[in-house]
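What follows is a single structure, written as structure tokens, with notes after it.
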Amino acid sequence: MERYYQKEMECASREDMLAIQNERLVKQVQHVWDNVPYYRQKMEQKGVTPADIHGVEDLHKLPFLTKADLRDAYPYGLLAKPLEDCVRIQSTSGTTGRRVVAFYTQHDIDLWEDCCARAITAVGGTNQDVCQVSYGYGLFTGGPGLNGGSHRVGCLTLPMSSGNTDRQLQFMTDLGTTILCCTPSYAAYLAESIHERGLRDQIKLKAGIFGAEAWSEEMRRDIEKQLGIKAYDIYGLTETSGPGVAFECSEQNGMHINEDHFIPEIIDPDTGEVLPEGSQGELVFTSISKEAFPLLRYRTRDICVLSRKACSCGRTLIKMCKPMGRSDDMLIVKGVNVFPSQIETVLLENGYSANYQIVVDRINNSDTIEVLVEMTPDIFSDSLGQITDMEKKLVAALKAMLGIYAKVRLVDPKSIARSEGKAVRVIDKRKI
Amino acid sequence: MELKQISVFLENRAGQLSAITQKLSQAHIDLRALNIAETADYGLLRLIVNDTDAAVQVLQQAGCIVTTTRVLAVAVPDTPGGLNTLLEILTEQHINVHYMYSIFGHVDSLAYMILQLDDIDTAAAVLAEKGIQIAQPKALGIH
């Protein structure tokens, strides 16, 4: 039997949901207008005032927000509540060194955790379950989000964070974990380790919630088969709160968007025009219930399709497909957002040339990133020690910028493939 | 005494070294000594040739990253303890040897080592004082 965490919202009629969205949107636009001069100015430039927004049908009149806006307004420019009302930040790496910092009031944390609780309940989670959260904890939203959701559902929560496979497997077997939350690549890695160590009979897993990374249906089937579980996708981004913006249900065919908190739109990434339902385009979210960091019409850069087709799980929430790509050049490596421009900045700051190439691969189910840099006369010397010292400094600077290890490889001048005179910046060998 | 060594950046790939020797051979450049220092991903090829300027030009035209460095060619008696004598003198003077390699063949029954050191001029003076011969480029067939 399908279980819901907040049935009145998850299964609301379209009319009821629209009424909630209309009311919350109008209130939210006023809240932003009153408290966020940065966005108010954008509205004024577009000639829009809160009086023009009567409901969802007027959403298209509002200006967009992009990652560049988050960068320009860093750190407090988009904050809509006094700092004394905020209780938490989460963060993700941003372009050219500036991070995205999202603020939360207790109310914001509550609704975020509710969203995650809906996701856990949708995969069958109850207070009888043992939920192992193996997403990273800290600034990354994965760990804290699912941790809070798991508490709300009443699961026994294992706040494992990522890594330390021995310990993960020990707790999984000793405490009888039934629900695993982590990135799909780590799930695949854990599945392999369980298989290698002959622990398959000792695990009690029944479901997994795997997000923050692109993964294929094939990978889903692999993980499900190896672990004997059902594997579910979850979607979110730090800018809008974190995981739980959308989640998969028993149908395992697209993710229900928590529409009472986030209104989705699909736009043409080139013109910004709203596309009719069912079209493929860029996903845009408006958060209508968040207090501290309420982004209106935030462009996610994820390309996907929305569907209102009736779902067998009984939820009426609109569904989004897995993101099919990006409308910018952002890469997601080990769940971390990586922009080529970040790498370029670090290279130039460290005296290297801008002739580089980023090679992303997935080896043993784990993402790898390698930066090929062409040698130049400026950085070349007769001392191997000097060259390797410089290389070590570059690796450390990249780690500081990206938050993950990137291997550096110095290559011959003009050896990086160029197309029409322009170097090919990114080679993604992952078969997702 | 002024001896110039050519250093070339070398990516660790099959055929990289032969591409360079091919260019040099086409330009009729004769190798006097060669040494490779390496990491897992790349290497540093060090060359002493009969015509340094011509070799640099050929390599740069071929798109190589090249730099030249002053080094010493020191005569070492080809007998047991020959190299040790030389190193003891440098140690006494606290002169650090960064790297060394030998030159092809013998000249006047002496083996020659190419040395890169902290302070080339002091080293040359000290060695000469102790009766150790520093090779002139000409003696080694270098223009």
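Scheme for the structure tokens: letters A, B, ... for chains in order shown; per-chain residue numbers from 1; ligand numbers from 1 in order shown.
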
I'd like the neighbourhood of B:Leu10 as a compact mmCIF listing (two decimals) with C-alpha atoms, in the first residue's frame, where a residue qualifies if any of its atoms comes within 9 Å (using only C-alpha atoms), though same-chain residues fewer than 5 positions away should be ignored.
# COMPACT_ATOMS: atom_id res chain seq x y z
CA VAL A 411 51.29 17.63 -21.72
CA ASP A 412 53.17 18.73 -24.84
CA GLN B 16 58.21 11.05 -28.00
CA LEU B 17 61.97 10.57 -27.68
CA GLU B 38 61.19 11.44 -15.32
CA TYR B 42 56.39 13.48 -18.10
CA GLY B 43 60.12 13.63 -18.43
CA LEU B 44 62.95 16.05 -18.88
CA LEU B 45 65.39 15.23 -21.63
CA CYS B 64 59.23 21.55 -28.41
CA ILE B 65 59.54 23.42 -25.13

Show me, as a PyMOL selection string, the residues that have an atom within 10 Å of stretch 63-74 of chain A when counting only C-alpha atoms, minus same-chain residues fewer than 5 positions from it.
chain A and resi 38-40+42-48+79+94-102+239+272+284-286+295-301

Set the cut-off to 12 Å and count only C-alpha atoms: what are the residues of chain B that reach chain A? Output as a ChimeraX atom specification.
/B:4-13,16,35-47,60,62-71,98-99,116-117

Atoms to include: N, CA and C atoms. Write the selected residues as an mmCIF file, in the first residue's frame.
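Once written, again-v3.cif looks like this:
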data_model
loop_
_atom_site.group_PDB
_atom_site.id
_atom_site.type_symbol
_atom_site.label_atom_id
_atom_site.label_comp_id
_atom_site.auth_asym_id
_atom_site.auth_seq_id
_atom_site.Cartn_x
_atom_site.Cartn_y
_atom_site.Cartn_z
ATOM 1 N N LYS B 4 76.885 24.378 -22.734
ATOM 2 C CA LYS B 4 75.440 24.569 -22.632
ATOM 3 C C LYS B 4 74.701 23.256 -22.849
ATOM 4 N N GLN B 5 73.797 23.028 -21.944
ATOM 5 C CA GLN B 5 72.972 21.835 -22.032
ATOM 6 C C GLN B 5 71.580 22.258 -22.489
ATOM 7 N N ILE B 6 70.960 21.416 -23.302
ATOM 8 C CA ILE B 6 69.583 21.685 -23.743
ATOM 9 C C ILE B 6 68.640 20.795 -22.942
ATOM 10 N N SER B 7 67.601 21.394 -22.373
ATOM 11 C CA SER B 7 66.574 20.602 -21.685
ATOM 12 C C SER B 7 65.280 20.672 -22.481
ATOM 13 N N VAL B 8 64.647 19.544 -22.671
ATOM 14 C CA VAL B 8 63.428 19.479 -23.470
ATOM 15 C C VAL B 8 62.327 18.807 -22.654
ATOM 16 N N PHE B 9 61.123 19.397 -22.679
ATOM 17 C CA PHE B 9 59.977 18.771 -22.009
ATOM 18 C C PHE B 9 59.512 17.587 -22.848
ATOM 19 N N LEU B 10 59.272 16.485 -22.141
ATOM 20 C CA LEU B 10 58.942 15.252 -22.850
ATOM 21 C C LEU B 10 57.740 14.612 -22.170
ATOM 22 N N GLU B 11 56.638 14.522 -22.906
ATOM 23 C CA GLU B 11 55.481 13.829 -22.336
ATOM 24 C C GLU B 11 55.773 12.332 -22.374
ATOM 25 N N ASN B 12 55.371 11.616 -21.347
ATOM 26 C CA ASN B 12 55.636 10.175 -21.300
ATOM 27 C C ASN B 12 54.702 9.415 -22.236
ATOM 28 N N ARG B 13 55.115 9.327 -23.489
ATOM 29 C CA ARG B 13 54.321 8.607 -24.480
ATOM 30 C C ARG B 13 55.288 7.923 -25.417
ATOM 31 N N GLN B 16 57.872 9.657 -28.274
ATOM 32 C CA GLN B 16 58.213 11.049 -27.998
ATOM 33 C C GLN B 16 59.710 11.305 -28.170
ATOM 34 N N ASN B 35 70.560 12.486 -21.098
ATOM 35 C CA ASN B 35 70.061 12.034 -19.797
ATOM 36 C C ASN B 35 68.573 12.321 -19.735
ATOM 37 N N ILE B 36 67.817 11.416 -19.112
ATOM 38 C CA ILE B 36 66.378 11.660 -18.954
ATOM 39 C C ILE B 36 66.009 11.581 -17.479
ATOM 40 N N ALA B 37 65.333 12.605 -16.996
ATOM 41 C CA ALA B 37 64.754 12.565 -15.645
ATOM 42 C C ALA B 37 63.259 12.449 -15.851
ATOM 43 N N GLU B 38 62.590 11.676 -15.011
ATOM 44 C CA GLU B 38 61.186 11.438 -15.324
ATOM 45 C C GLU B 38 60.299 11.419 -14.082
ATOM 46 N N THR B 39 59.011 11.690 -14.312
ATOM 47 C CA THR B 39 57.961 11.431 -13.324
ATOM 48 C C THR B 39 57.030 10.447 -14.026
ATOM 49 N N ALA B 40 55.918 10.110 -13.413
ATOM 50 C CA ALA B 40 55.000 9.149 -14.031
ATOM 51 C C ALA B 40 54.419 9.681 -15.336
ATOM 52 N N ASP B 41 54.252 10.997 -15.418
ATOM 53 C CA ASP B 41 53.544 11.564 -16.562
ATOM 54 C C ASP B 41 54.419 12.272 -17.595
ATOM 55 N N TYR B 42 55.557 12.765 -17.143
ATOM 56 C CA TYR B 42 56.387 13.476 -18.103
ATOM 57 C C TYR B 42 57.856 13.313 -17.748
ATOM 58 N N GLY B 43 58.695 13.750 -18.666
ATOM 59 C CA GLY B 43 60.123 13.635 -18.435
ATOM 60 C C GLY B 43 60.837 14.899 -18.868
ATOM 61 N N LEU B 44 62.095 14.924 -18.530
ATOM 62 C CA LEU B 44 62.951 16.046 -18.877
ATOM 63 C C LEU B 44 64.142 15.437 -19.597
ATOM 64 N N LEU B 45 64.278 15.761 -20.856
ATOM 65 C CA LEU B 45 65.394 15.227 -21.635
ATOM 66 C C LEU B 45 66.510 16.257 -21.627
ATOM 67 N N ARG B 46 67.718 15.817 -21.219
ATOM 68 C CA ARG B 46 68.857 16.746 -21.193
ATOM 69 C C ARG B 46 69.875 16.286 -22.222
ATOM 70 N N LEU B 47 70.312 17.223 -23.026
ATOM 71 C CA LEU B 47 71.186 16.880 -24.146
ATOM 72 C C LEU B 47 72.425 17.762 -24.181
ATOM 73 N N GLN B 60 62.863 23.958 -31.352
ATOM 74 C CA GLN B 60 61.807 24.961 -31.200
ATOM 75 C C GLN B 60 60.901 24.994 -32.420
ATOM 76 N N ALA B 62 60.211 22.556 -34.166
ATOM 77 C CA ALA B 62 59.379 21.350 -34.115
ATOM 78 C C ALA B 62 58.295 21.460 -33.041
ATOM 79 N N GLY B 63 58.258 22.628 -32.355
ATOM 80 C CA GLY B 63 57.199 22.844 -31.359
ATOM 81 C C GLY B 63 57.557 22.365 -29.967
ATOM 82 N N CYS B 64 58.830 22.026 -29.744
ATOM 83 C CA CYS B 64 59.226 21.551 -28.414
ATOM 84 C C CYS B 64 59.421 22.727 -27.458
ATOM 85 N N ILE B 65 59.225 22.441 -26.167
ATOM 86 C CA ILE B 65 59.541 23.423 -25.131
ATOM 87 C C ILE B 65 60.983 23.159 -24.719
ATOM 88 N N VAL B 66 61.830 24.180 -24.876
ATOM 89 C CA VAL B 66 63.271 23.998 -24.728
ATOM 90 C C VAL B 66 63.848 25.092 -23.842
ATOM 91 N N THR B 67 64.821 24.715 -23.021
ATOM 92 C CA THR B 67 65.557 25.736 -22.296
ATOM 93 C C THR B 67 67.023 25.307 -22.255
ATOM 94 N N THR B 68 67.939 26.278 -22.113
ATOM 95 C CA THR B 68 69.352 25.892 -22.029
ATOM 96 C C THR B 68 69.901 26.282 -20.664
ATOM 97 N N THR B 69 70.854 25.489 -20.213
ATOM 98 C CA THR B 69 71.423 25.676 -18.884
ATOM 99 C C THR B 69 72.937 25.492 -18.971
ATOM 100 N N ARG B 70 73.653 26.295 -18.197
ATOM 101 C CA ARG B 70 75.112 26.116 -18.111
ATOM 102 C C ARG B 70 75.413 24.902 -17.258
ATOM 103 N N VAL B 71 76.317 24.068 -17.721
ATOM 104 C CA VAL B 71 76.753 22.920 -16.917
ATOM 105 C C VAL B 71 78.273 22.786 -17.022
ATOM 106 N N HIS B 98 73.239 18.772 -8.240
ATOM 107 C CA HIS B 98 71.813 18.566 -8.532
ATOM 108 C C HIS B 98 71.599 17.287 -9.326
ATOM 109 N N TYR B 99 72.427 17.097 -10.301
ATOM 110 C CA TYR B 99 72.382 15.844 -11.061
ATOM 111 C C TYR B 99 73.667 15.714 -11.856
ATOM 112 N N GLN B 116 75.572 19.370 -12.832
ATOM 113 C CA GLN B 116 74.808 20.583 -12.541
ATOM 114 C C GLN B 116 74.917 20.807 -11.037
ATOM 115 N N LEU B 117 75.368 21.996 -10.673
ATOM 116 C CA LEU B 117 75.688 22.260 -9.268
ATOM 117 C C LEU B 117 75.100 23.577 -8.795
#

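Atom pair atom CA of B:Gln136 / atom CA of B:Ile29 has a distance of 18.8 Å (rounded to one decimal).
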
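Counting only C-alpha atoms, the residue from A:Tyr232, A:Thr183, A:Pro50, A:Ile194 that sits nearest to A:Gly211 is A:Thr183.
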
List the spatial neighbours of B:Thr79 as a PDB file with all heavy atoms, in the first residue's frame - criterion: any atom at most 12 Å away, only C-alpha atoms, same-chain residues fewer than 3 positions off excluded.
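See selection20.pdb below for the written result:
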ATOM      1  N   ALA B  75      86.477  16.141 -16.114  1.00  0.00           N
ATOM      2  CA  ALA B  75      87.210  14.921 -16.452  1.00  0.00           C
ATOM      3  C   ALA B  75      87.363  14.066 -15.201  1.00  0.00           C
ATOM      4  O   ALA B  75      87.731  14.557 -14.143  1.00  0.00           O
ATOM      5  CB  ALA B  75      88.582  15.279 -16.999  1.00  0.00           C
ATOM      6  N   VAL B  76      87.037  12.787 -15.350  1.00  0.00           N
ATOM      7  CA  VAL B  76      87.173  11.875 -14.225  1.00  0.00           C
ATOM      8  C   VAL B  76      88.124  10.768 -14.649  1.00  0.00           C
ATOM      9  O   VAL B  76      87.895  10.138 -15.680  1.00  0.00           O
ATOM     10  CB  VAL B  76      85.807  11.262 -13.858  1.00  0.00           C
ATOM     11  CG1 VAL B  76      85.931  10.344 -12.655  1.00  0.00           C
ATOM     12  CG2 VAL B  76      84.796  12.355 -13.589  1.00  0.00           C
ATOM     13  N   GLY B  82      87.819   7.214  -9.007  1.00  0.00           N
ATOM     14  CA  GLY B  82      87.948   8.451  -9.786  1.00  0.00           C
ATOM     15  C   GLY B  82      86.845   9.443  -9.496  1.00  0.00           C
ATOM     16  O   GLY B  82      87.089  10.619  -9.203  1.00  0.00           O
ATOM     17  N   LEU B  83      85.621   8.961  -9.519  1.00  0.00           N
ATOM     18  CA  LEU B  83      84.467   9.839  -9.280  1.00  0.00           C
ATOM     19  C   LEU B  83      84.425  10.289  -7.816  1.00  0.00           C
ATOM     20  O   LEU B  83      84.103  11.433  -7.502  1.00  0.00           O
ATOM     21  CB  LEU B  83      83.176   9.100  -9.647  1.00  0.00           C
ATOM     22  CG  LEU B  83      81.873   9.879  -9.434  1.00  0.00           C
ATOM     23  CD1 LEU B  83      81.849  11.143 -10.283  1.00  0.00           C
ATOM     24  CD2 LEU B  83      80.676   9.011  -9.749  1.00  0.00           C
ATOM     25  N   ASN B  84      84.828   9.356  -6.938  1.00  0.00           N
ATOM     26  CA  ASN B  84      84.809   9.645  -5.508  1.00  0.00           C
ATOM     27  C   ASN B  84      85.692  10.847  -5.166  1.00  0.00           C
ATOM     28  O   ASN B  84      85.292  11.714  -4.382  1.00  0.00           O
ATOM     29  CB  ASN B  84      85.253   8.400  -4.743  1.00  0.00           C
ATOM     30  CG  ASN B  84      85.048   8.567  -3.249  1.00  0.00           C
ATOM     31  OD1 ASN B  84      84.000   9.031  -2.813  1.00  0.00           O
ATOM     32  ND2 ASN B  84      86.066   8.230  -2.483  1.00  0.00           N
ATOM     33  N   THR B  85      86.874  10.893  -5.773  1.00  0.00           N
ATOM     34  CA  THR B  85      87.793  12.003  -5.530  1.00  0.00           C
ATOM     35  C   THR B  85      87.119  13.332  -5.854  1.00  0.00           C
ATOM     36  O   THR B  85      87.172  14.289  -5.078  1.00  0.00           O
ATOM     37  CB  THR B  85      89.040  11.855  -6.438  1.00  0.00           C
ATOM     38  OG1 THR B  85      89.490  10.516  -6.319  1.00  0.00           O
ATOM     39  CG2 THR B  85      90.119  12.841  -6.072  1.00  0.00           C
ATOM     40  N   SER B 109      91.730   9.025 -22.784  1.00  0.00           N
ATOM     41  CA  SER B 109      91.560   8.032 -21.720  1.00  0.00           C
ATOM     42  C   SER B 109      90.921   8.593 -20.446  1.00  0.00           C
ATOM     43  O   SER B 109      91.078   8.055 -19.361  1.00  0.00           O
ATOM     44  CB  SER B 109      92.877   7.331 -21.378  1.00  0.00           C
ATOM     45  OG  SER B 109      93.653   8.144 -20.511  1.00  0.00           O
ATOM     46  N   LEU B 110      90.201   9.698 -20.616  1.00  0.00           N
ATOM     47  CA  LEU B 110      89.463  10.241 -19.470  1.00  0.00           C
ATOM     48  C   LEU B 110      87.959  10.107 -19.744  1.00  0.00           C
ATOM     49  O   LEU B 110      87.518  10.277 -20.889  1.00  0.00           O
ATOM     50  CB  LEU B 110      89.796  11.727 -19.272  1.00  0.00           C
ATOM     51  CG  LEU B 110      91.174  12.043 -18.704  1.00  0.00           C
ATOM     52  CD1 LEU B 110      91.446  13.537 -18.819  1.00  0.00           C
ATOM     53  CD2 LEU B 110      91.283  11.585 -17.254  1.00  0.00           C
ATOM     54  N   ALA B 111      87.201   9.786 -18.687  1.00  0.00           N
ATOM     55  CA  ALA B 111      85.745   9.804 -18.801  1.00  0.00           C
ATOM     56  C   ALA B 111      85.292  11.197 -18.400  1.00  0.00           C
ATOM     57  O   ALA B 111      85.910  11.828 -17.537  1.00  0.00           O
ATOM     58  CB  ALA B 111      85.141   8.768 -17.881  1.00  0.00           C
TER      59      ALA B 111
END

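Residues lying within 12 Å of B:Thr122, counting only C-alpha atoms and ignoring same-chain neighbours fewer than 3 positions away, are Leu72, Ile89, Leu90, Gln93, His94, Ile95, Asn96, Leu117, Asp118, Asp119, Ala125, Val126, Leu127, Ala128 and Glu129 of chain B.
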
Near A:Gly278, within 10 Å and counting only C-alpha atoms, which residues show up once chain neighbours fewer than 2 positions away are dropped, as a PyMOL selection string?
chain A and resi 266+275-276+280-281+304-309+320

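The residue set within 10 Å of A:Asp428, counting only C-alpha atoms and dropping same-chain residues fewer than 6 places from it, reads Leu331, Ile358, Val359, Val360, Asp361, Arg362 and Ile369 of chain A.
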
Once you have the residues from the selection above, write them out as an mmCIF file, in the first residue's frame, restricted to N, CA, C and O atoms.
data_model
loop_
_atom_site.group_PDB
_atom_site.id
_atom_site.type_symbol
_atom_site.label_atom_id
_atom_site.label_comp_id
_atom_site.auth_asym_id
_atom_site.auth_seq_id
_atom_site.Cartn_x
_atom_site.Cartn_y
_atom_site.Cartn_z
ATOM 1 N N LEU A 331 29.718 20.709 -14.937
ATOM 2 C CA LEU A 331 29.872 19.263 -14.813
ATOM 3 C C LEU A 331 29.520 18.900 -13.385
ATOM 4 O O LEU A 331 29.762 19.680 -12.474
ATOM 5 N N ILE A 358 39.683 19.169 -19.645
ATOM 6 C CA ILE A 358 39.203 18.461 -18.461
ATOM 7 C C ILE A 358 38.660 17.110 -18.922
ATOM 8 O O ILE A 358 37.805 17.063 -19.800
ATOM 9 N N VAL A 359 39.203 16.046 -18.357
ATOM 10 C CA VAL A 359 38.728 14.714 -18.734
ATOM 11 C C VAL A 359 38.034 14.090 -17.519
ATOM 12 O O VAL A 359 38.643 13.909 -16.472
ATOM 13 N N VAL A 360 36.749 13.841 -17.681
ATOM 14 C CA VAL A 360 35.977 13.243 -16.586
ATOM 15 C C VAL A 360 35.668 11.806 -16.973
ATOM 16 O O VAL A 360 35.344 11.515 -18.123
ATOM 17 N N ASP A 361 35.822 10.916 -16.027
ATOM 18 C CA ASP A 361 35.575 9.503 -16.309
ATOM 19 C C ASP A 361 34.945 8.880 -15.078
ATOM 20 O O ASP A 361 34.919 9.489 -14.007
ATOM 21 N N ARG A 362 34.432 7.684 -15.244
ATOM 22 C CA ARG A 362 33.927 6.959 -14.079
ATOM 23 C C ARG A 362 34.648 5.617 -14.058
ATOM 24 O O ARG A 362 34.449 4.784 -14.925
ATOM 25 N N ILE A 369 38.457 13.063 -12.186
ATOM 26 C CA ILE A 369 38.642 14.259 -13.010
ATOM 27 C C ILE A 369 40.136 14.509 -13.186
ATOM 28 O O ILE A 369 40.900 14.456 -12.233
#

Between atom CA of B:Ile48 and atom CA of B:Leu31, what is the distance in Å, rounded to a tenth?
6.2 Å

Shell of 12 Å around A:Phe293, only C-alpha atoms, local chain residues under 6 positions omitted, as a PyMOL selection string
chain A and resi 28+31-32+35-36+39+70+73-83+85-86+88-90+100-105+107-109+238-241+286-287

Write to file, as an mmCIF file, in the first residue's frame, the residues of the selection just made, with N, CA and C atoms.
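Below is the file again_5.cif, written as the result:
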data_model
loop_
_atom_site.group_PDB
_atom_site.id
_atom_site.type_symbol
_atom_site.label_atom_id
_atom_site.label_comp_id
_atom_site.auth_asym_id
_atom_site.auth_seq_id
_atom_site.Cartn_x
_atom_site.Cartn_y
_atom_site.Cartn_z
ATOM 1 N N GLN A 28 4.816 35.544 -1.400
ATOM 2 C CA GLN A 28 6.278 35.454 -1.549
ATOM 3 C C GLN A 28 6.828 36.637 -2.348
ATOM 4 N N HIS A 31 6.958 39.545 -0.156
ATOM 5 C CA HIS A 31 8.041 39.353 0.822
ATOM 6 C C HIS A 31 9.406 39.704 0.199
ATOM 7 N N VAL A 32 9.614 39.233 -1.015
ATOM 8 C CA VAL A 32 10.884 39.499 -1.697
ATOM 9 C C VAL A 32 10.996 40.992 -2.045
ATOM 10 N N ASN A 35 11.894 42.902 1.009
ATOM 11 C CA ASN A 35 13.115 42.582 1.754
ATOM 12 C C ASN A 35 14.378 42.353 0.941
ATOM 13 N N VAL A 36 14.237 42.218 -0.384
ATOM 14 C CA VAL A 36 15.424 41.930 -1.197
ATOM 15 C C VAL A 36 15.599 43.026 -2.258
ATOM 16 N N TYR A 39 16.508 41.953 -5.906
ATOM 17 C CA TYR A 39 15.473 41.428 -6.797
ATOM 18 C C TYR A 39 14.427 42.498 -7.118
ATOM 19 N N LEU A 70 23.454 35.009 -8.056
ATOM 20 C CA LEU A 70 23.856 34.528 -6.734
ATOM 21 C C LEU A 70 25.287 34.972 -6.438
ATOM 22 N N ALA A 73 25.357 38.773 -5.794
ATOM 23 C CA ALA A 73 24.698 39.167 -4.553
ATOM 24 C C ALA A 73 25.343 38.515 -3.323
ATOM 25 N N TYR A 74 26.392 37.731 -3.559
ATOM 26 C CA TYR A 74 27.060 37.030 -2.461
ATOM 27 C C TYR A 74 27.618 38.007 -1.448
ATOM 28 N N PRO A 75 27.533 37.783 -0.132
ATOM 29 C CA PRO A 75 26.829 36.637 0.453
ATOM 30 C C PRO A 75 25.378 36.966 0.862
ATOM 31 N N TYR A 76 25.096 38.253 1.158
ATOM 32 C CA TYR A 76 23.796 38.540 1.776
ATOM 33 C C TYR A 76 22.772 39.169 0.852
ATOM 34 N N GLY A 77 23.157 39.423 -0.414
ATOM 35 C CA GLY A 77 22.305 40.208 -1.315
ATOM 36 C C GLY A 77 20.926 39.646 -1.586
ATOM 37 N N LEU A 78 20.748 38.336 -1.425
ATOM 38 C CA LEU A 78 19.433 37.759 -1.707
ATOM 39 C C LEU A 78 18.720 37.297 -0.436
ATOM 40 N N LEU A 79 19.308 37.661 0.674
ATOM 41 C CA LEU A 79 18.736 37.269 1.965
ATOM 42 C C LEU A 79 17.464 38.088 2.223
ATOM 43 N N ALA A 80 16.379 37.402 2.578
ATOM 44 C CA ALA A 80 15.094 38.084 2.752
ATOM 45 C C ALA A 80 14.657 38.146 4.211
ATOM 46 N N LYS A 81 15.487 37.672 5.101
ATOM 47 C CA LYS A 81 15.163 37.698 6.530
ATOM 48 C C LYS A 81 16.356 38.278 7.293
ATOM 49 N N PRO A 82 16.094 38.914 8.416
ATOM 50 C CA PRO A 82 17.243 39.374 9.216
ATOM 51 C C PRO A 82 18.068 38.173 9.650
ATOM 52 N N LEU A 83 19.385 38.384 9.776
ATOM 53 C CA LEU A 83 20.269 37.274 10.132
ATOM 54 C C LEU A 83 19.874 36.616 11.452
ATOM 55 N N ASP A 85 17.108 35.790 12.397
ATOM 56 C CA ASP A 85 16.079 34.772 12.179
ATOM 57 C C ASP A 85 16.636 33.525 11.485
ATOM 58 N N CYS A 86 17.890 33.617 10.977
ATOM 59 C CA CYS A 86 18.479 32.490 10.256
ATOM 60 C C CYS A 86 19.210 31.583 11.240
ATOM 61 N N ARG A 88 20.910 28.503 9.862
ATOM 62 C CA ARG A 88 21.823 27.579 9.174
ATOM 63 C C ARG A 88 22.188 28.130 7.809
ATOM 64 N N ILE A 89 23.368 27.749 7.344
ATOM 65 C CA ILE A 89 23.678 27.911 5.921
ATOM 66 C C ILE A 89 24.056 26.542 5.372
ATOM 67 N N GLN A 90 23.893 26.369 4.073
ATOM 68 C CA GLN A 90 24.490 25.247 3.337
ATOM 69 C C GLN A 90 25.171 25.895 2.146
ATOM 70 N N VAL A 100 28.081 29.421 -3.575
ATOM 71 C CA VAL A 100 26.677 29.702 -3.358
ATOM 72 C C VAL A 100 26.402 29.407 -1.895
ATOM 73 N N VAL A 101 25.922 30.409 -1.174
ATOM 74 C CA VAL A 101 25.568 30.194 0.225
ATOM 75 C C VAL A 101 24.066 30.403 0.349
ATOM 76 N N ALA A 102 23.377 29.376 0.819
ATOM 77 C CA ALA A 102 21.926 29.468 1.010
ATOM 78 C C ALA A 102 21.643 29.537 2.506
ATOM 79 N N PHE A 103 20.703 30.393 2.852
ATOM 80 C CA PHE A 103 20.361 30.612 4.270
ATOM 81 C C PHE A 103 19.027 29.947 4.603
ATOM 82 N N TYR A 104 18.898 29.534 5.849
ATOM 83 C CA TYR A 104 17.676 28.863 6.290
ATOM 84 C C TYR A 104 17.217 29.427 7.630
ATOM 85 N N THR A 105 15.915 29.704 7.728
ATOM 86 C CA THR A 105 15.318 29.916 9.047
ATOM 87 C C THR A 105 14.925 28.531 9.549
ATOM 88 N N HIS A 107 11.981 27.578 10.051
ATOM 89 C CA HIS A 107 10.846 27.222 9.186
ATOM 90 C C HIS A 107 11.340 26.603 7.875
ATOM 91 N N ASP A 108 12.398 27.184 7.301
ATOM 92 C CA ASP A 108 12.934 26.672 6.036
ATOM 93 C C ASP A 108 13.499 25.261 6.207
ATOM 94 N N ILE A 109 14.193 25.053 7.326
ATOM 95 C CA ILE A 109 14.737 23.718 7.593
ATOM 96 C C ILE A 109 13.591 22.729 7.759
ATOM 97 N N THR A 238 21.167 23.132 -3.944
ATOM 98 C CA THR A 238 21.390 23.950 -2.755
ATOM 99 C C THR A 238 20.613 25.264 -2.843
ATOM 100 N N GLU A 239 20.562 25.851 -4.029
ATOM 101 C CA GLU A 239 19.923 27.150 -4.206
ATOM 102 C C GLU A 239 18.462 27.139 -3.772
ATOM 103 N N THR A 240 17.787 25.989 -3.965
ATOM 104 C CA THR A 240 16.372 25.926 -3.634
ATOM 105 C C THR A 240 16.116 25.246 -2.293
ATOM 106 N N SER A 241 17.123 24.696 -1.662
ATOM 107 C CA SER A 241 17.091 24.085 -0.324
ATOM 108 C C SER A 241 18.040 22.907 -0.246
ATOM 109 N N THR A 286 10.540 28.364 -8.679
ATOM 110 C CA THR A 286 10.222 29.482 -7.800
ATOM 111 C C THR A 286 9.865 28.882 -6.446
ATOM 112 N N SER A 287 10.632 29.265 -5.432
ATOM 113 C CA SER A 287 10.313 28.705 -4.109
ATOM 114 C C SER A 287 9.301 29.630 -3.439
#

DSSP-assigned helix (DSSP H, G or I) among chain B, expressed as JSON, numbers by chain:
{"B": [16, 17, 18, 19, 20, 21, 22, 23, 24, 25, 26, 52, 53, 54, 55, 56, 57, 58, 59, 60, 61, 82, 83, 84, 85, 86, 87, 88, 89, 90, 91, 92, 120, 121, 122, 123, 124, 125, 126, 127, 128, 129, 137, 138, 139, 140]}

Which of stretch 335-421 of chain A end up as strand (DSSP E) when DSSP is run on this backbone - answer as a ChimeraX atom specification?
/A:336-338,356-363,366-374,407-411,418-419

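Of note, atom CA of A:Lys230 and atom CA of A:Ser193 are spaced 18.3 Å apart.
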